[in-house]
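Visitor: Before I ask anything, here is the structure I am working with.
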Amino acid sequence: MRIGILLNEPTGPEGLRGLTDELRRAADEGFNSAWMTHIFGVDALTALAVAGSQVPGIDIGTAVVPSYPRHPGALAQQARTTALAVGPGRLTLGLGLSHKIVIENMFGYSFERPARHMREYLSVLMPLLENKPVSFAGETVKANLALSVPNEGTVPVLLAAMGPAMLKLAGRVTDGTVLWMTGPATVRDHVAPAITAAAAEAGRPAPRVVCPLPVCVTDDVDAARERAAKVYAAYGSLPSYRAMMDREGAEGPADLAIIGSEEYVAERIRSIFHAGATEFVGAIFVGGEEAVRTRALLTGLAD
């Protein structure tokens, strides 16, 4: 089983030095991959370029960079530069739409017809990541350019896809999907069948399905659930995640968090792989001894 860890966003005066230390720890412990969110803190690709250039031996990825604030040509240039900094075959670009409240209320862009936006966005992004020139004129995106970043190969892309249209697009065009707040039943009955069928129809390889979830090994399940409910409360009201919770029969984010003994947590993670995920990413939301136990359990499952 491929097991990754969600990195903490750098805070405080140590800044990116702390992120580098955290990435080195994850590599030394045996995690297969380390992933970084991109919300309102440091730029994820820039931060991973800094930390990843100093820490070899572990795959890295974004989960996820929002598309709207960046022209696909600019994002391709940045992603290829990050890949150049960390070395070939290590970076995965997780890409997503973000949410209407963020894109319209905060950035001031229209969130109308998001599936069309992403389809056109990928029409520009994917060739540029493969070091090919692109000429494209869509309704939302236009580009006529080539990049000269001196790297070879491509940067794999995972699309944050949960609805039917986005899963179909992810399977047909990208390397797979990176999820959030999506449980094993939803992966089994909705995500994996839809994206796998779309990839097969397009003649593409079987897609990656990366499934991050909050996780905690503990003897005090009630306290950990209460903490998870507070830490992840905002996700319960965002429409895309709310739809996944409803599919799973979950009242809120705490119901999707994997919390319990080593045996219980290991079995829940195995169920996610049996459902069709290709990688599990642990979001550790506790500290102290519980964090130590959780990290040990995760690395013990890693291939």
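Going by the structure tokens order, chains are called A, B, ..., each with residues numbered from 1, while ligands are numbered from 1 in the order shown.
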Return as number ranges by chain the full set of residues in range 69-249 of chain A whose backbone-based DSSP assignment is strand (DSSP E or B).
Guide: A: 91-96, 134-137, 142-145, 157-159, 176-178, 208-217
Visitor: Restricting the output to N, CA, C and O atoms, write the selected residues as a CSV table (one decimal), in the first residue's frame.
Guide:
chain,number,residue,atom,x,y,z
A,91,LEU,N,7.4,15.0,-8.5
A,91,LEU,CA,6.3,15.9,-8.2
A,91,LEU,C,5.0,15.4,-8.9
A,91,LEU,O,5.0,15.1,-10.1
A,92,THR,N,3.9,15.5,-8.2
A,92,THR,CA,2.6,15.4,-8.7
A,92,THR,C,1.8,16.7,-8.5
A,92,THR,O,1.8,17.2,-7.4
A,93,LEU,N,1.2,17.2,-9.6
A,93,LEU,CA,0.5,18.4,-9.5
A,93,LEU,C,-1.0,18.1,-9.2
A,93,LEU,O,-1.7,17.6,-10.1
A,94,GLY,N,-1.4,18.3,-8.0
A,94,GLY,CA,-2.9,18.2,-7.6
A,94,GLY,C,-3.5,19.5,-7.9
A,94,GLY,O,-3.1,20.6,-7.4
A,95,LEU,N,-4.6,19.5,-8.7
A,95,LEU,CA,-5.2,20.7,-9.3
A,95,LEU,C,-6.7,20.6,-9.0
A,95,LEU,O,-7.3,19.6,-9.1
A,96,GLY,N,-7.3,21.8,-8.6
A,96,GLY,CA,-8.7,21.8,-8.4
A,96,GLY,C,-9.4,23.1,-8.6
A,96,GLY,O,-8.8,24.1,-8.9
A,134,VAL,N,1.4,25.1,-27.3
A,134,VAL,CA,-0.1,25.0,-27.3
A,134,VAL,C,-0.7,26.2,-28.0
A,134,VAL,O,-0.2,27.3,-27.8
A,135,SER,N,-1.7,26.0,-28.8
A,135,SER,CA,-2.5,27.1,-29.3
A,135,SER,C,-4.0,26.8,-29.1
A,135,SER,O,-4.5,25.8,-29.7
A,136,PHE,N,-4.7,27.5,-28.3
A,136,PHE,CA,-6.0,27.2,-27.9
A,136,PHE,C,-6.8,28.4,-27.6
A,136,PHE,O,-6.3,29.4,-27.0
A,137,ALA,N,-8.0,28.5,-28.1
A,137,ALA,CA,-8.9,29.6,-27.9
A,137,ALA,C,-10.3,29.0,-27.4
A,137,ALA,O,-11.1,28.6,-28.2
A,142,LYS,N,-7.5,31.2,-23.1
A,142,LYS,CA,-6.9,31.4,-24.4
A,142,LYS,C,-5.4,31.3,-24.2
A,142,LYS,O,-4.9,31.8,-23.2
A,143,ALA,N,-4.7,30.7,-25.1
A,143,ALA,CA,-3.2,30.6,-25.0
A,143,ALA,C,-2.6,30.3,-26.4
A,143,ALA,O,-3.2,29.6,-27.2
A,144,ASN,N,-1.4,30.9,-26.6
A,144,ASN,CA,-0.6,30.6,-27.8
A,144,ASN,C,0.8,30.8,-27.4
A,144,ASN,O,1.4,31.8,-27.5
A,145,LEU,N,1.4,29.7,-26.8
A,145,LEU,CA,2.7,29.8,-26.2
A,145,LEU,C,3.4,28.5,-26.1
A,145,LEU,O,2.8,27.4,-26.2
A,157,VAL,N,-0.7,15.0,-13.4
A,157,VAL,CA,-1.7,15.8,-12.9
A,157,VAL,C,-2.8,15.0,-12.3
A,157,VAL,O,-3.3,14.0,-12.9
A,158,LEU,N,-3.2,15.3,-11.1
A,158,LEU,CA,-4.4,14.7,-10.4
A,158,LEU,C,-5.4,15.8,-10.3
A,158,LEU,O,-5.1,16.8,-9.7
A,159,LEU,N,-6.6,15.5,-10.8
A,159,LEU,CA,-7.7,16.5,-10.7
A,159,LEU,C,-8.6,16.2,-9.5
A,159,LEU,O,-9.0,15.1,-9.3
A,176,GLY,N,-5.5,11.0,-12.8
A,176,GLY,CA,-6.3,10.5,-11.8
A,176,GLY,C,-6.9,11.6,-10.9
A,176,GLY,O,-7.0,12.7,-11.4
A,177,THR,N,-7.3,11.2,-9.7
A,177,THR,CA,-7.9,12.2,-8.8
A,177,THR,C,-7.3,12.2,-7.5
A,177,THR,O,-6.8,11.2,-7.0
A,178,VAL,N,-7.3,13.3,-6.8
A,178,VAL,CA,-7.0,13.4,-5.4
A,178,VAL,C,-8.2,13.9,-4.7
A,178,VAL,O,-8.8,15.0,-5.0
A,208,ARG,N,-4.9,7.0,-11.0
A,208,ARG,CA,-4.6,7.0,-9.6
A,208,ARG,C,-5.8,7.6,-8.9
A,208,ARG,O,-6.4,8.5,-9.3
A,209,VAL,N,-6.0,7.0,-7.7
A,209,VAL,CA,-7.1,7.6,-6.8
A,209,VAL,C,-6.4,7.8,-5.4
A,209,VAL,O,-6.2,6.8,-4.7
A,210,VAL,N,-6.1,9.0,-5.2
A,210,VAL,CA,-5.4,9.3,-3.9
A,210,VAL,C,-6.4,9.8,-2.9
A,210,VAL,O,-7.2,10.8,-3.2
A,211,CYS,N,-6.5,9.2,-1.8
A,211,CYS,CA,-7.5,9.4,-0.8
A,211,CYS,C,-7.0,9.9,0.5
A,211,CYS,O,-6.5,9.1,1.4
A,212,PRO,N,-6.9,11.2,0.8
A,212,PRO,CA,-6.5,11.7,2.1
A,212,PRO,C,-7.7,11.8,3.0
A,212,PRO,O,-8.8,12.2,2.6
A,213,LEU,N,-7.5,11.5,4.3
A,213,LEU,CA,-8.5,11.6,5.3
A,213,LEU,C,-7.8,11.9,6.6
A,213,LEU,O,-6.7,11.5,6.9
A,214,PRO,N,-8.5,12.5,7.6
A,214,PRO,CA,-8.0,12.7,8.9
A,214,PRO,C,-7.8,11.3,9.6
A,214,PRO,O,-8.7,10.4,9.4
A,215,VAL,N,-6.8,11.2,10.3
A,215,VAL,CA,-6.5,9.9,11.0
A,215,VAL,C,-5.9,10.1,12.3
A,215,VAL,O,-5.0,11.0,12.5
A,216,CYS,N,-6.2,9.2,13.3
A,216,CYS,CA,-5.7,9.3,14.6
A,216,CYS,C,-5.7,8.0,15.3
A,216,CYS,O,-6.8,7.4,15.4
A,217,VAL,N,-4.6,7.5,15.8
A,217,VAL,CA,-4.5,6.3,16.6
A,217,VAL,C,-4.6,6.8,18.1
A,217,VAL,O,-3.8,7.6,18.5
Visitor: What's the 10 Å shell around Ser53 in chain A, counting only C-alpha atoms, without same-chain residues fewer than 6 positions away, as a list of chain:residue names?
Guide: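 Counting only the stated atoms, we get A:Thr20, A:Ala47, A:Thr82, A:Ala83, A:Leu84, A:Ala85, A:Val86, A:Gly87.
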Visitor: Output the selection as a PDB file, in the first residue's frame - all heavy atoms for each residue.
Guide:
ATOM      1  N   THR A  20      10.961  21.919   5.610  1.00  0.00           N
ATOM      2  CA  THR A  20      12.043  21.046   5.153  1.00  0.00           C
ATOM      3  C   THR A  20      12.329  19.967   6.186  1.00  0.00           C
ATOM      4  O   THR A  20      12.499  18.783   5.851  1.00  0.00           O
ATOM      5  CB  THR A  20      13.313  21.864   4.866  1.00  0.00           C
ATOM      6  OG1 THR A  20      13.014  22.862   3.883  1.00  0.00           O
ATOM      7  CG2 THR A  20      14.433  20.973   4.364  1.00  0.00           C
ATOM      8  N   ALA A  47       6.948  26.305  -1.961  1.00  0.00           N
ATOM      9  CA  ALA A  47       7.419  25.685  -0.726  1.00  0.00           C
ATOM     10  C   ALA A  47       7.973  24.287  -0.981  1.00  0.00           C
ATOM     11  O   ALA A  47       9.015  23.900  -0.427  1.00  0.00           O
ATOM     12  CB  ALA A  47       6.274  25.622   0.285  1.00  0.00           C
ATOM     13  N   THR A  82       9.306  23.672 -10.391  1.00  0.00           N
ATOM     14  CA  THR A  82       9.373  22.894  -9.150  1.00  0.00           C
ATOM     15  C   THR A  82       9.900  21.487  -9.417  1.00  0.00           C
ATOM     16  O   THR A  82      10.740  20.970  -8.670  1.00  0.00           O
ATOM     17  CB  THR A  82       7.983  22.836  -8.490  1.00  0.00           C
ATOM     18  OG1 THR A  82       7.537  24.160  -8.213  1.00  0.00           O
ATOM     19  CG2 THR A  82       8.017  22.029  -7.200  1.00  0.00           C
ATOM     20  N   ALA A  83       9.424  20.864 -10.498  1.00  0.00           N
ATOM     21  CA  ALA A  83       9.914  19.527 -10.858  1.00  0.00           C
ATOM     22  C   ALA A  83      11.403  19.559 -11.165  1.00  0.00           C
ATOM     23  O   ALA A  83      12.139  18.614 -10.829  1.00  0.00           O
ATOM     24  CB  ALA A  83       9.135  18.999 -12.063  1.00  0.00           C
ATOM     25  N   LEU A  84      11.870  20.615 -11.786  1.00  0.00           N
ATOM     26  CA  LEU A  84      13.290  20.759 -12.066  1.00  0.00           C
ATOM     27  C   LEU A  84      14.083  20.878 -10.766  1.00  0.00           C
ATOM     28  O   LEU A  84      15.172  20.311 -10.633  1.00  0.00           O
ATOM     29  CB  LEU A  84      13.507  21.994 -12.942  1.00  0.00           C
ATOM     30  CG  LEU A  84      14.918  22.269 -13.459  1.00  0.00           C
ATOM     31  CD1 LEU A  84      15.346  21.180 -14.434  1.00  0.00           C
ATOM     32  CD2 LEU A  84      14.988  23.639 -14.126  1.00  0.00           C
ATOM     33  N   ALA A  85      13.519  21.579  -9.781  1.00  0.00           N
ATOM     34  CA  ALA A  85      14.214  21.779  -8.512  1.00  0.00           C
ATOM     35  C   ALA A  85      14.331  20.497  -7.704  1.00  0.00           C
ATOM     36  O   ALA A  85      15.354  20.252  -7.057  1.00  0.00           O
ATOM     37  CB  ALA A  85      13.481  22.853  -7.693  1.00  0.00           C
ATOM     38  N   VAL A  86      13.292  19.658  -7.737  1.00  0.00           N
ATOM     39  CA  VAL A  86      13.280  18.476  -6.861  1.00  0.00           C
ATOM     40  C   VAL A  86      13.780  17.220  -7.561  1.00  0.00           C
ATOM     41  O   VAL A  86      14.054  16.212  -6.906  1.00  0.00           O
ATOM     42  CB  VAL A  86      11.877  18.228  -6.284  1.00  0.00           C
ATOM     43  CG1 VAL A  86      11.392  19.457  -5.537  1.00  0.00           C
ATOM     44  CG2 VAL A  86      10.881  17.821  -7.360  1.00  0.00           C
ATOM     45  N   GLY A  87      13.876  17.242  -8.874  1.00  0.00           N
ATOM     46  CA  GLY A  87      14.359  16.074  -9.605  1.00  0.00           C
ATOM     47  C   GLY A  87      13.228  15.340 -10.288  1.00  0.00           C
ATOM     48  O   GLY A  87      12.066  15.420  -9.874  1.00  0.00           O
TER      49      GLY A  87
END
Visitor: If we count only C-alpha atoms and set the cut-off at 12 Å, which residues sit around Asp220 in chain A, ignoring sequence neighbours fewer than 3 positions away in its own chain? Please answer as a VMD selection string.
Guide: chain A and resid 216 to 217 223 to 227 259 to 261 286 289 to 290
Visitor: Restricting the calculation to only C-alpha atoms, which member of A:Gly30, A:Gly89, A:Pro114, A:Pro150 is positioned closest to Gln77 in chain A?
Guide: A:Pro150
Visitor: Using only C-alpha atoms, which protein or nucleic acid residues come within 10 Å of Phe107 in chain A? Drop anything in the same chain fewer than 5 positions from it, and give the result as a PyMOL selection string.
Guide: chain A and resi 68-69+100-102
Visitor: Apply DSSP to the backbone of this structure and, from range 95-235 of chain A, keep only the residues in helix (DSSP H, G or I); write these as a ChimeraX atom specification.
Guide: /A:100-106,114-129,164-173,184-201,221-231,233-235
Visitor: What lies within 10 Å of Leu122 in chain A using only C-alpha atoms, ignoring chain neighbours under 6 positions off, as a PyMOL selection string?
Guide: chain A and resi 67+72+95+128+141+157+159+169-170+173-174
Visitor: Which residues are close to Arg116 in chain A, i.e. within 12 Å by only C-alpha atoms, leaving aside same-chain residues fewer than 5 positions away? Reply as a list of chain:residue names.
Guide: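 My list of contacting residues is A:Leu97, A:Phe111, A:Tyr121, A:Leu122, A:Ser123, A:Gly138, A:Glu139, A:Thr140, A:Val141, A:Ala165, A:Met166, A:Leu169.
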Visitor: Could you write out the selected residues, including all heavy atoms, as a PDB file, in the first residue's frame?
Guide:
ATOM      1  N   LEU A  97     -10.739  23.087  -8.599  1.00  0.00           N
ATOM      2  CA  LEU A  97     -11.525  24.288  -8.844  1.00  0.00           C
ATOM      3  C   LEU A  97     -11.571  25.217  -7.642  1.00  0.00           C
ATOM      4  O   LEU A  97     -11.849  26.399  -7.793  1.00  0.00           O
ATOM      5  CB  LEU A  97     -12.965  23.897  -9.198  1.00  0.00           C
ATOM      6  CG  LEU A  97     -13.181  23.166 -10.514  1.00  0.00           C
ATOM      7  CD1 LEU A  97     -14.571  22.531 -10.520  1.00  0.00           C
ATOM      8  CD2 LEU A  97     -13.017  24.103 -11.697  1.00  0.00           C
ATOM      9  N   PHE A 111     -17.591  31.883 -11.160  1.00  0.00           N
ATOM     10  CA  PHE A 111     -17.533  30.430 -10.956  1.00  0.00           C
ATOM     11  C   PHE A 111     -18.581  29.728 -11.823  1.00  0.00           C
ATOM     12  O   PHE A 111     -18.942  28.589 -11.588  1.00  0.00           O
ATOM     13  CB  PHE A 111     -17.756  30.106  -9.476  1.00  0.00           C
ATOM     14  CG  PHE A 111     -17.239  28.758  -9.042  1.00  0.00           C
ATOM     15  CD1 PHE A 111     -15.886  28.513  -8.945  1.00  0.00           C
ATOM     16  CD2 PHE A 111     -18.122  27.740  -8.718  1.00  0.00           C
ATOM     17  CE1 PHE A 111     -15.408  27.275  -8.538  1.00  0.00           C
ATOM     18  CE2 PHE A 111     -17.666  26.503  -8.303  1.00  0.00           C
ATOM     19  CZ  PHE A 111     -16.300  26.265  -8.216  1.00  0.00           C
ATOM     20  N   TYR A 121      -9.116  24.674 -19.290  1.00  0.00           N
ATOM     21  CA  TYR A 121      -7.865  24.888 -18.557  1.00  0.00           C
ATOM     22  C   TYR A 121      -6.881  23.749 -18.837  1.00  0.00           C
ATOM     23  O   TYR A 121      -5.698  23.974 -19.126  1.00  0.00           O
ATOM     24  CB  TYR A 121      -8.175  24.977 -17.065  1.00  0.00           C
ATOM     25  CG  TYR A 121      -7.063  25.534 -16.208  1.00  0.00           C
ATOM     26  CD1 TYR A 121      -7.041  26.890 -15.879  1.00  0.00           C
ATOM     27  CD2 TYR A 121      -6.063  24.718 -15.712  1.00  0.00           C
ATOM     28  CE1 TYR A 121      -6.039  27.409 -15.072  1.00  0.00           C
ATOM     29  CE2 TYR A 121      -5.060  25.232 -14.909  1.00  0.00           C
ATOM     30  CZ  TYR A 121      -5.051  26.577 -14.595  1.00  0.00           C
ATOM     31  OH  TYR A 121      -4.053  27.087 -13.797  1.00  0.00           O
ATOM     32  N   LEU A 122      -7.380  22.530 -18.780  1.00  0.00           N
ATOM     33  CA  LEU A 122      -6.517  21.363 -19.018  1.00  0.00           C
ATOM     34  C   LEU A 122      -6.073  21.284 -20.478  1.00  0.00           C
ATOM     35  O   LEU A 122      -4.999  20.728 -20.767  1.00  0.00           O
ATOM     36  CB  LEU A 122      -7.253  20.089 -18.624  1.00  0.00           C
ATOM     37  CG  LEU A 122      -7.504  19.910 -17.122  1.00  0.00           C
ATOM     38  CD1 LEU A 122      -8.414  18.710 -16.880  1.00  0.00           C
ATOM     39  CD2 LEU A 122      -6.197  19.747 -16.350  1.00  0.00           C
ATOM     40  N   SER A 123      -6.868  21.824 -21.383  1.00  0.00           N
ATOM     41  CA  SER A 123      -6.472  21.829 -22.795  1.00  0.00           C
ATOM     42  C   SER A 123      -5.195  22.626 -23.021  1.00  0.00           C
ATOM     43  O   SER A 123      -4.453  22.370 -23.972  1.00  0.00           O
ATOM     44  CB  SER A 123      -7.601  22.410 -23.656  1.00  0.00           C
ATOM     45  OG  SER A 123      -8.748  21.594 -23.598  1.00  0.00           O
ATOM     46  N   GLY A 138     -10.550  29.097 -26.147  1.00  0.00           N
ATOM     47  CA  GLY A 138     -11.829  28.652 -25.606  1.00  0.00           C
ATOM     48  C   GLY A 138     -12.654  29.831 -25.141  1.00  0.00           C
ATOM     49  O   GLY A 138     -12.303  30.994 -25.365  1.00  0.00           O
ATOM     50  N   GLU A 139     -13.750  29.534 -24.464  1.00  0.00           N
ATOM     51  CA  GLU A 139     -14.610  30.594 -23.949  1.00  0.00           C
ATOM     52  C   GLU A 139     -14.030  31.241 -22.698  1.00  0.00           C
ATOM     53  O   GLU A 139     -14.262  32.422 -22.430  1.00  0.00           O
ATOM     54  CB  GLU A 139     -15.992  30.018 -23.626  1.00  0.00           C
ATOM     55  CG  GLU A 139     -16.764  29.507 -24.833  1.00  0.00           C
ATOM     56  CD  GLU A 139     -18.109  28.947 -24.430  1.00  0.00           C
ATOM     57  OE1 GLU A 139     -18.886  29.694 -23.808  1.00  0.00           O
ATOM     58  OE2 GLU A 139     -18.383  27.772 -24.727  1.00  0.00           O
ATOM     59  N   THR A 140     -13.253  30.467 -21.927  1.00  0.00           N
ATOM     60  CA  THR A 140     -12.723  30.977 -20.657  1.00  0.00           C
ATOM     61  C   THR A 140     -11.207  31.067 -20.641  1.00  0.00           C
ATOM     62  O   THR A 140     -10.652  31.768 -19.789  1.00  0.00           O
ATOM     63  CB  THR A 140     -13.169  30.068 -19.491  1.00  0.00           C
ATOM     64  OG1 THR A 140     -12.609  28.758 -19.660  1.00  0.00           O
ATOM     65  CG2 THR A 140     -14.680  29.959 -19.429  1.00  0.00           C
ATOM     66  N   VAL A 141     -10.543  30.345 -21.519  1.00  0.00           N
ATOM     67  CA  VAL A 141      -9.083  30.303 -21.523  1.00  0.00           C
ATOM     68  C   VAL A 141      -8.579  30.433 -22.950  1.00  0.00           C
ATOM     69  O   VAL A 141      -9.107  29.789 -23.868  1.00  0.00           O
ATOM     70  CB  VAL A 141      -8.559  28.977 -20.913  1.00  0.00           C
ATOM     71  CG1 VAL A 141      -7.045  28.891 -21.033  1.00  0.00           C
ATOM     72  CG2 VAL A 141      -8.977  28.863 -19.455  1.00  0.00           C
ATOM     73  N   ALA A 165     -19.224  14.839 -13.717  1.00  0.00           N
ATOM     74  CA  ALA A 165     -18.572  15.504 -14.852  1.00  0.00           C
ATOM     75  C   ALA A 165     -17.069  15.627 -14.634  1.00  0.00           C
ATOM     76  O   ALA A 165     -16.272  15.401 -15.553  1.00  0.00           O
ATOM     77  CB  ALA A 165     -19.191  16.883 -15.075  1.00  0.00           C
ATOM     78  N   MET A 166     -16.670  15.976 -13.431  1.00  0.00           N
ATOM     79  CA  MET A 166     -15.244  16.143 -13.150  1.00  0.00           C
ATOM     80  C   MET A 166     -14.519  14.803 -13.109  1.00  0.00           C
ATOM     81  O   MET A 166     -13.369  14.692 -13.549  1.00  0.00           O
ATOM     82  CB  MET A 166     -15.073  16.892 -11.838  1.00  0.00           C
ATOM     83  CG  MET A 166     -15.523  18.340 -11.904  1.00  0.00           C
ATOM     84  SD  MET A 166     -14.445  19.354 -12.938  1.00  0.00           S
ATOM     85  CE  MET A 166     -13.069  19.543 -11.828  1.00  0.00           C
ATOM     86  N   LEU A 169     -13.916  13.868 -16.700  1.00  0.00           N
ATOM     87  CA  LEU A 169     -12.820  14.661 -17.238  1.00  0.00           C
ATOM     88  C   LEU A 169     -11.480  14.182 -16.697  1.00  0.00           C
ATOM     89  O   LEU A 169     -10.504  14.063 -17.453  1.00  0.00           O
ATOM     90  CB  LEU A 169     -13.043  16.139 -16.874  1.00  0.00           C
ATOM     91  CG  LEU A 169     -11.988  17.132 -17.339  1.00  0.00           C
ATOM     92  CD1 LEU A 169     -11.884  17.157 -18.853  1.00  0.00           C
ATOM     93  CD2 LEU A 169     -12.303  18.527 -16.784  1.00  0.00           C
TER      94      LEU A 169
END
Visitor: Go through A:Ala44, A:Ala200, A:Ile269, A:Ala74 one by one, measure the shortest atom-to-atom distance of each to Leu147 in chain A using only C-alpha atoms, and give the residue with the smallest value.
Guide: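 Distance minimum relative to Leu147 in chain A lands on A:Ala74.
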